[in-house]
file run03.cif (mmCIF, C-alpha atoms and all ligand atoms)
data_work
#
loop_
_atom_site.label_atom_id
_atom_site.label_comp_id
_atom_site.auth_asym_id
_atom_site.auth_seq_id
_atom_site.Cartn_x
_atom_site.Cartn_y
_atom_site.Cartn_z
CA MET Y 1334 16.75 26.56 15.92
CA LYS Y 1335 18.18 29.23 18.15
CA LEU Y 1336 18.26 32.76 16.84
CA LYS Y 1337 22.02 32.94 17.31
CA GLN Y 1338 22.57 29.82 15.25
CA ILE Y 1339 20.38 31.12 12.44
CA ILE Y 1340 22.32 34.37 12.39
CA LYS Y 1341 25.65 32.57 12.40
CA GLU Y 1342 24.52 30.52 9.44
CA GLN Y 1343 23.46 33.69 7.68
CA ILE Y 1344 26.84 35.27 8.20
CA ASP Y 1345 28.80 32.11 7.27
CA HIS Y 1346 26.58 31.63 4.29
CA ARG Y 1347 27.05 35.19 3.14
CA SER Y 1348 30.83 34.99 3.19
CA ILE Y 1349 30.82 31.71 1.27
CA THR Y 1350 28.44 32.81 -1.42
CA THR Y 1351 29.53 36.31 -2.30
CA ARG Y 1352 31.12 34.90 -5.45
CA LYS Y 1353 28.53 33.92 -8.00
CA PRO Y 1354 28.60 30.20 -8.69
CA ASP Y 1355 28.83 29.06 -12.25
CA ARG Y 1356 25.33 27.81 -12.95
CA GLU Y 1357 26.52 25.69 -15.85
CA LEU Y 1358 28.91 23.85 -13.58
CA TYR Y 1359 26.14 22.66 -11.31
CA LYS Y 1360 23.59 22.01 -14.01
CA GLY Y 1361 21.67 18.85 -13.38
CA ASP Y 1362 22.75 18.60 -9.76
CA ASP Y 1363 19.53 18.73 -7.72
CA SER Y 1364 21.35 19.26 -4.45
CA PHE Y 1365 21.92 22.91 -5.34
CA GLU Y 1366 19.32 25.64 -5.33
CA TYR Y 1367 19.88 29.26 -6.19
CA ASP Y 1368 18.38 32.51 -5.09
CA ASP Y 1369 17.62 35.35 -7.50
CA ASP Y 1370 21.20 36.65 -7.28
CA GLY Y 1371 22.69 33.29 -8.19
CA ASN Y 1372 23.83 32.48 -4.66
CA ILE Y 1373 23.61 28.88 -3.53
CA ILE Y 1374 20.80 28.34 -1.06
CA SER Y 1375 21.45 25.69 1.54
CA GLY Y 1376 20.04 24.30 4.79
CA GLN Y 1377 17.95 26.82 6.67
CA ASP Y 1378 18.06 29.13 3.67
CA LYS Y 1379 15.96 26.74 1.62
CA GLU Y 1380 13.00 27.62 3.79
CA ARG Y 1381 13.58 31.32 3.44
CA LEU Y 1382 10.60 33.23 2.08
CA GLY Y 1383 12.60 36.26 1.14
CA LYS Y 1384 15.45 38.56 1.96
CA GLY Y 1385 16.21 42.21 1.46
CA SER Y 1386 19.08 44.49 2.35
CA PHE Y 1387 18.23 44.38 6.02
CA SER Y 1388 16.21 41.29 6.72
CA VAL Y 1389 15.69 37.60 6.17
CA VAL Y 1390 12.20 36.17 6.46
CA TYR Y 1391 11.31 32.57 7.40
CA PRO Y 1392 7.99 30.81 7.87
CA ASP Y 1393 6.97 30.53 11.51
CA LYS Y 1394 7.48 26.90 12.54
CA GLU Y 1395 4.34 26.81 14.68
CA ASP Y 1396 1.91 28.87 12.66
CA PRO Y 1397 1.58 28.70 8.87
CA HIS Y 1398 -0.06 32.12 8.81
CA MET Y 1399 2.91 33.82 10.45
CA VAL Y 1400 6.50 34.58 9.54
CA LYS Y 1401 9.63 35.36 11.48
CA LYS Y 1402 11.35 38.42 10.13
CA LEU Y 1403 14.92 38.94 11.38
CA GLY Y 1404 16.21 42.42 10.77
CA ARG Y 1405 19.30 44.47 11.34
CA ASP Y 1406 19.55 48.24 11.51
CA VAL Y 1407 22.57 48.28 9.25
CA GLY Y 1408 22.08 46.46 6.00
CA ASN Y 1409 24.41 44.05 4.26
CA LYS Y 1410 25.19 46.65 1.62
CA GLY Y 1411 26.72 48.81 4.32
CA PHE Y 1412 24.39 51.77 3.91
CA ASN Y 1413 25.97 54.55 5.79
CA ARG Y 1414 23.21 56.45 7.44
CA LYS Y 1415 23.32 56.70 11.18
CA LYS Y 1416 20.52 54.23 11.24
CA SER Y 1417 19.80 52.52 7.99
CA ASP Y 1418 16.72 50.39 8.34
CA PHE Y 1419 13.62 52.09 9.52
CA PHE Y 1420 11.43 49.02 9.69
CA LEU Y 1421 11.83 49.08 13.46
CA GLU Y 1422 10.42 52.62 13.62
CA TYR Y 1423 7.78 51.85 11.02
CA ALA Y 1424 6.70 48.69 12.91
CA LYS Y 1425 6.63 50.58 16.20
CA TRP Y 1426 4.51 53.36 14.71
CA ILE Y 1427 2.05 50.76 13.38
CA THR Y 1428 1.82 48.77 16.61
CA ASP Y 1429 1.77 51.77 18.98
CA ASN Y 1430 -1.16 53.23 17.07
CA ASN Y 1431 -2.96 49.96 16.33
CA LEU Y 1432 -2.95 50.93 12.69
CA ALA Y 1433 -3.30 47.39 11.40
CA SER Y 1434 -6.64 46.99 13.12
CA LYS Y 1435 -7.82 50.35 11.83
CA ASN Y 1436 -6.76 49.96 8.22
CA ILE Y 1437 -6.31 46.82 6.10
CA HIS Y 1438 -3.26 48.18 4.24
CA PHE Y 1439 -0.88 48.01 7.20
CA PRO Y 1440 1.02 44.82 8.02
CA ARG Y 1441 -0.11 42.92 11.12
CA ILE Y 1442 2.83 42.65 13.48
CA TYR Y 1443 2.16 40.60 16.60
CA GLU Y 1444 5.41 40.46 18.55
CA THR Y 1445 8.79 42.08 18.42
CA SER Y 1446 11.89 41.18 20.34
CA TYR Y 1447 15.51 42.19 20.27
CA ASP Y 1448 18.64 40.06 20.47
CA GLU Y 1449 21.05 42.57 21.94
CA GLU Y 1450 24.17 40.44 21.59
CA ASN Y 1451 23.73 40.09 17.84
CA ASP Y 1452 21.82 43.30 17.27
CA ILE Y 1453 18.94 41.53 15.57
CA HIS Y 1454 15.27 42.48 15.73
CA ASP Y 1455 12.87 39.58 15.57
CA TYR Y 1456 9.31 40.26 14.38
CA LYS Y 1457 6.44 37.84 14.38
CA MET Y 1458 4.15 39.07 11.64
CA GLU Y 1459 1.44 37.80 9.36
CA ARG Y 1460 2.52 35.84 6.32
CA LEU Y 1461 1.98 37.91 3.20
CA GLN Y 1462 2.16 37.02 -0.48
CA PRO Y 1463 4.49 38.41 -3.13
CA TYR Y 1464 2.92 39.76 -6.33
CA THR Y 1465 4.20 36.64 -8.14
CA SER Y 1466 1.53 34.59 -6.33
CA LEU Y 1467 -1.25 36.62 -7.95
CA SER Y 1468 -2.51 36.19 -11.50
CA SER Y 1469 -2.14 38.98 -14.04
CA GLU Y 1470 -5.93 39.37 -13.90
CA ALA Y 1471 -5.85 39.81 -10.13
CA LEU Y 1472 -3.07 42.41 -10.38
CA TRP Y 1473 -4.87 44.33 -13.10
CA GLY Y 1474 -8.07 44.13 -11.03
CA LEU Y 1475 -6.23 45.64 -8.07
CA ALA Y 1476 -4.60 48.36 -10.17
CA LYS Y 1477 -8.06 49.46 -11.38
CA LYS Y 1478 -9.67 49.14 -7.96
CA TYR Y 1479 -7.05 51.25 -6.21
CA PHE Y 1480 -6.06 53.84 -8.79
CA ASP Y 1481 -7.63 56.06 -11.40
CA ARG Y 1482 -7.63 53.99 -14.58
CA GLU Y 1483 -7.10 56.91 -16.93
CA LEU Y 1484 -4.19 58.26 -14.92
CA ILE Y 1485 -2.33 54.98 -14.66
CA LEU Y 1486 -2.83 54.22 -18.33
CA LYS Y 1487 -1.21 57.49 -19.33
CA LYS Y 1488 2.14 55.77 -18.89
CA LYS Y 1489 3.21 53.00 -21.23
CA TRP Y 1490 3.72 49.86 -19.20
CA PHE Y 1491 3.74 47.09 -21.74
CA ASN Y 1492 5.62 46.06 -24.76
CA GLU Y 1493 3.91 43.70 -27.19
CA ARG Y 1494 6.96 41.46 -27.32
CA ASP Y 1495 7.19 40.98 -23.56
CA ASP Y 1496 6.60 37.51 -22.16
CA GLN Y 1497 4.02 36.72 -19.47
CA ASP Y 1498 6.41 37.06 -16.54
CA THR Y 1499 7.56 40.46 -17.71
CA ASN Y 1500 3.98 41.56 -18.17
CA LYS Y 1501 3.13 40.44 -14.67
CA PHE Y 1502 6.12 42.28 -13.30
CA ASN Y 1503 5.02 45.39 -15.20
CA LEU Y 1504 1.56 45.11 -13.67
CA GLN Y 1505 3.15 45.12 -10.25
CA VAL Y 1506 5.32 48.08 -11.24
CA MET Y 1507 2.12 49.81 -12.38
CA ILE Y 1508 0.78 49.39 -8.83
CA THR Y 1509 3.98 50.30 -6.98
CA ASP Y 1510 4.82 53.21 -9.27
CA SER Y 1511 1.31 54.59 -8.86
CA LEU Y 1512 1.69 54.26 -5.11
CA ASP Y 1513 5.03 56.04 -5.35
CA ASP Y 1514 3.38 58.82 -7.38
CA VAL Y 1515 0.74 59.13 -4.68
CA LEU Y 1516 3.15 59.22 -1.75
CA THR Y 1517 6.45 60.61 -2.99
CA TYR Y 1518 4.92 63.04 -5.49
CA LYS Y 1519 1.82 63.68 -3.38
CA LYS Y 1520 -0.66 62.84 -6.15
CA LEU Y 1521 -3.36 61.71 -3.77
CA ASP Y 1522 -6.06 62.21 -6.39
CA MET Y 1523 -4.74 59.15 -8.22
CA ILE Y 1524 -6.33 56.92 -5.59
CA ARG Y 1525 -9.94 55.91 -6.00
CA ASP Y 1526 -10.21 53.53 -3.07
CA SER Y 1527 -11.17 55.18 0.21
CA GLU Y 1528 -9.37 52.70 2.47
CA LEU Y 1529 -6.10 53.04 0.55
CA LEU Y 1530 -6.53 56.81 0.56
CA LYS Y 1531 -6.82 56.74 4.36
CA ALA Y 1532 -3.66 54.65 4.63
CA ALA Y 1533 -1.80 56.98 2.26
CA LYS Y 1534 -2.84 60.02 4.30
CA LEU Y 1535 -1.72 58.38 7.55
CA VAL Y 1536 1.69 57.46 6.14
CA SER Y 1537 2.31 60.78 4.44
CA SER Y 1538 1.43 62.84 7.50
CA GLU Y 1539 3.92 60.75 9.49
CA VAL Y 1540 6.65 61.02 6.85
CA ASN Y 1541 6.17 64.78 6.74
CA LYS Y 1542 6.79 65.19 10.46
CA PRO Y 1543 10.09 67.00 11.00
CA SER Y 1544 10.87 64.60 13.85
CA ARG Y 1545 10.97 61.70 11.37
CA THR Y 1546 13.77 61.13 8.91
CA TRP Y 1547 11.80 58.65 6.86
CA ARG Y 1548 12.02 58.20 3.12
CA TYR Y 1549 9.84 56.09 0.88
CA ASP Y 1550 11.18 52.83 -0.53
CA ILE Y 1551 8.32 51.68 -2.70
CA HIS Y 1552 9.03 48.84 -5.12
CA SER Y 1553 7.79 45.38 -6.01
CA ASP Y 1554 9.52 43.60 -3.09
CA ASN Y 1555 8.32 46.05 -0.47
CA VAL Y 1556 4.62 45.96 -1.23
CA MET Y 1557 2.94 42.61 -0.57
CA TYR Y 1558 -0.55 41.10 -0.59
CA ARG Y 1559 -2.88 39.56 1.97
CA LEU Y 1560 -5.05 36.76 0.67
CA THR Y 1561 -8.59 37.02 1.99
CA SER Y 1562 -11.98 35.56 1.14
CA VAL Y 1563 -12.89 38.89 -0.42
CA GLY Y 1564 -9.86 38.95 -2.68
CA PRO Y 1565 -6.24 40.09 -2.31
CA GLN Y 1566 -5.43 43.25 -0.35
CA LEU Y 1567 -2.39 45.41 -0.90
CA VAL Y 1568 -0.19 45.67 2.20
CA LEU Y 1569 2.40 48.40 2.74
CA SER Y 1570 4.87 45.89 4.18
CA ASP Y 1571 8.24 47.65 4.01
CA ILE Y 1572 7.81 51.06 2.38
CA ILE Y 1573 10.04 53.20 4.62
CA TYR Y 1574 13.82 53.46 4.89
N1 LIG X 1 5.28 39.13 6.07
C1 LIG X 1 5.92 38.50 5.09
N2 LIG X 1 5.46 37.34 4.58
C2 LIG X 1 6.12 36.69 3.58
N3 LIG X 1 7.25 37.14 3.03
C3 LIG X 1 7.77 38.30 3.48
C4 LIG X 1 7.13 39.04 4.52
N4 LIG X 1 7.85 40.16 4.76
C5 LIG X 1 8.89 40.11 3.91
N5 LIG X 1 8.86 39.01 3.13
C6 LIG X 1 9.83 38.64 2.07
O1 LIG X 1 11.14 39.00 2.48
C7 LIG X 1 11.68 40.01 1.64
C8 LIG X 1 12.48 41.00 2.46
O2 LIG X 1 11.62 41.63 3.40
P1 LIG X 1 11.46 43.19 3.52
O3 LIG X 1 10.31 43.42 4.44
O4 LIG X 1 11.36 43.83 2.18
O5 LIG X 1 12.80 43.59 4.27
P2 LIG X 1 14.14 44.38 3.85
O6 LIG X 1 14.00 44.81 2.44
O7 LIG X 1 14.22 45.51 4.80
O8 LIG X 1 15.26 43.42 4.06
C9 LIG X 1 10.48 40.62 0.92
O9 LIG X 1 10.83 41.15 -0.34
C10 LIG X 1 9.56 39.42 0.81
O10 LIG X 1 9.95 38.60 -0.30
MG MG X 2 12.51 45.29 1.35
#
call {"tool": "encode", "arguments": {"input": "run03.cif", "output": "structure tokens", "more": "lines below"}}
Ligand SMILES: Nc1ncnc2c1ncn2[C@@H]1O[C@H](COP(=O)(O)OP(=O)(O)O)[C@@H](O)[C@H]1O
Ligand SMILES: [Mg+2]
result
Amino acid sequence: MKLKQIIKEQIDHRSITTRKPDRELYKGDDSFEYDDDGNIISGQDKERLGKGSFSVVYPDKEDPHMVKKLGRDVGNKGFNRKKSDFFLEYAKWITDNNLASKNIHFPRIYETSYDEENDIHDYKMERLQPYTSLSSEALWGLAKKYFDRELILKKKWFNERDDQDTNKFNLQVMITDSLDDVLTYKKLDMIRDSELLKAAKLVSSEVNKPSRTWRYDIHSDNVMYRLTSVGPQLVLSDIIY
């Protein structure tokens, strides 16, 4: 499908589904699917791997290990900074400096192009996994591998009454919050993994440059995982805005 057509569908779709559908009304009707916000997902959107304020992400039709990320500078929530999404700058910094081949924690971005007419950036990047695809054990394993166990356990993350999904989410928050502590609050001594420490130092020295107007945006949708034969690896997929 042509980029323009995909975008048109996105825009049409957005205007149709801004009202939340009544889930009860459609109960039992398999032809409807919903996203996390209760919007109806249809057609092309069924294949969507994810969306954020600035982007929609689809699997690459030719390569199962790649995705197509379509991004705009100005997000759908109308953020009013001169330039709202900094993924373009972040991606350029990574590719210009070959960071993904130097450090496993950066996303591998292979191609970028720009559709001027529609103001859409198109990235071909590796397909990553959300935290929901990992087990609680894997997430806890990563939390302990990357961060100082004593320091992360100082905060209370769990409630005995929480269900499994909530616990899993909290494990991810444990990872992303710790990362936020490291980067935003400069607590680099929380990291015990040398590769992650290198990545954190690279990012923070770039963020601190006066020429950059980057801020951190570290949460469970912006940190993803790469599945490898030596276990999952945390990837700083979309941590700047
Ligand atoms: N490389 C990827 N592989 C698989 N899914 C992705 C990938 N990048 C992003 N996604 C999904 O799309 C969502 C939105 O992408 P993100 O990079 O956070 O963009 P933004 O928040 O700027 O719109 C993510 O939360 C994730 O679910
Ligand atoms: Mg995001």
call {"tool": "atom_distance", "arguments": {"input": "run03.cif", "atom1": "CA of Ala1424 (chain Y)", "atom2": "CA of Leu1521 (chain Y)"}}
result
23.4 Å
call {"tool": "axis_aligned_box", "arguments": {"input": "run03.cif", "around": "region 1547-1566 of chain Y", "padding_each_side": "8 Å", "output": "lines of an AutoDock Vina configuration file"}}
result
center_x = -0.4
center_y = 47.1
center_z = 0.4
size_x = 40.9
size_y = 39.1
size_z = 28.9
call {"tool": "atom_distance", "arguments": {"input": "run03.cif", "atom1": "CA of Leu1475 (chain Y)", "atom2": "CA of Asp1522 (chain Y)"}}
result
16.7 Å
call {"tool": "residues_near_ligand", "arguments": {"input": "run03.cif", "ligand": "ligand LIG 1 (chain X)", "cutoff": "10 Å", "atoms": "all atoms listed in the file", "output": "PyMOL selection string"}}
result
chain Y and resi 1381-1393+1398-1409+1417-1421+1440-1442+1456-1465+1550-1559+1568-1574
call {"tool": "write_last_selection", "arguments": {"input": "run03.cif", "atoms": "C-alpha atoms", "output": "short mmCIF file (atom, residue, chain, number, x, y, z; two decimals), in the coordinates of the input"}}
result
data_model
loop_
_atom_site.label_atom_id
_atom_site.label_comp_id
_atom_site.auth_asym_id
_atom_site.auth_seq_id
_atom_site.Cartn_x
_atom_site.Cartn_y
_atom_site.Cartn_z
CA ARG Y 1381 13.58 31.32 3.44
CA LEU Y 1382 10.60 33.23 2.08
CA GLY Y 1383 12.60 36.26 1.14
CA LYS Y 1384 15.45 38.56 1.96
CA GLY Y 1385 16.21 42.21 1.46
CA SER Y 1386 19.08 44.49 2.35
CA PHE Y 1387 18.23 44.38 6.02
CA SER Y 1388 16.21 41.29 6.72
CA VAL Y 1389 15.69 37.60 6.17
CA VAL Y 1390 12.20 36.17 6.46
CA TYR Y 1391 11.31 32.57 7.40
CA PRO Y 1392 7.99 30.81 7.87
CA ASP Y 1393 6.97 30.53 11.51
CA HIS Y 1398 -0.06 32.12 8.81
CA MET Y 1399 2.91 33.82 10.45
CA VAL Y 1400 6.50 34.58 9.54
CA LYS Y 1401 9.63 35.36 11.48
CA LYS Y 1402 11.35 38.42 10.13
CA LEU Y 1403 14.92 38.94 11.38
CA GLY Y 1404 16.21 42.42 10.77
CA ARG Y 1405 19.30 44.47 11.34
CA ASP Y 1406 19.55 48.24 11.51
CA VAL Y 1407 22.57 48.28 9.25
CA GLY Y 1408 22.08 46.46 6.00
CA ASN Y 1409 24.41 44.05 4.26
CA SER Y 1417 19.80 52.52 7.99
CA ASP Y 1418 16.72 50.39 8.34
CA PHE Y 1419 13.62 52.09 9.52
CA PHE Y 1420 11.43 49.02 9.69
CA LEU Y 1421 11.83 49.08 13.46
CA PRO Y 1440 1.02 44.82 8.02
CA ARG Y 1441 -0.11 42.92 11.12
CA ILE Y 1442 2.83 42.65 13.48
CA TYR Y 1456 9.31 40.26 14.38
CA LYS Y 1457 6.44 37.84 14.38
CA MET Y 1458 4.15 39.07 11.64
CA GLU Y 1459 1.44 37.80 9.36
CA ARG Y 1460 2.52 35.84 6.32
CA LEU Y 1461 1.98 37.91 3.20
CA GLN Y 1462 2.16 37.02 -0.48
CA PRO Y 1463 4.49 38.41 -3.13
CA TYR Y 1464 2.92 39.76 -6.33
CA THR Y 1465 4.20 36.64 -8.14
CA ASP Y 1550 11.18 52.83 -0.53
CA ILE Y 1551 8.32 51.68 -2.70
CA HIS Y 1552 9.03 48.84 -5.12
CA SER Y 1553 7.79 45.38 -6.01
CA ASP Y 1554 9.52 43.60 -3.09
CA ASN Y 1555 8.32 46.05 -0.47
CA VAL Y 1556 4.62 45.96 -1.23
CA MET Y 1557 2.94 42.61 -0.57
CA TYR Y 1558 -0.55 41.10 -0.59
CA ARG Y 1559 -2.88 39.56 1.97
CA VAL Y 1568 -0.19 45.67 2.20
CA LEU Y 1569 2.40 48.40 2.74
CA SER Y 1570 4.87 45.89 4.18
CA ASP Y 1571 8.24 47.65 4.01
CA ILE Y 1572 7.81 51.06 2.38
CA ILE Y 1573 10.04 53.20 4.62
CA TYR Y 1574 13.82 53.46 4.89
#
call {"tool": "closest_residue", "arguments": {"input": "run03.cif", "among": "Y:Ala1471, Y:Glu1528, Y:Asn1431, Y:Tyr1549", "to": "ligand MG 2 (chain X)", "atoms": "all atoms listed in the file"}}
result
Y:Tyr1549
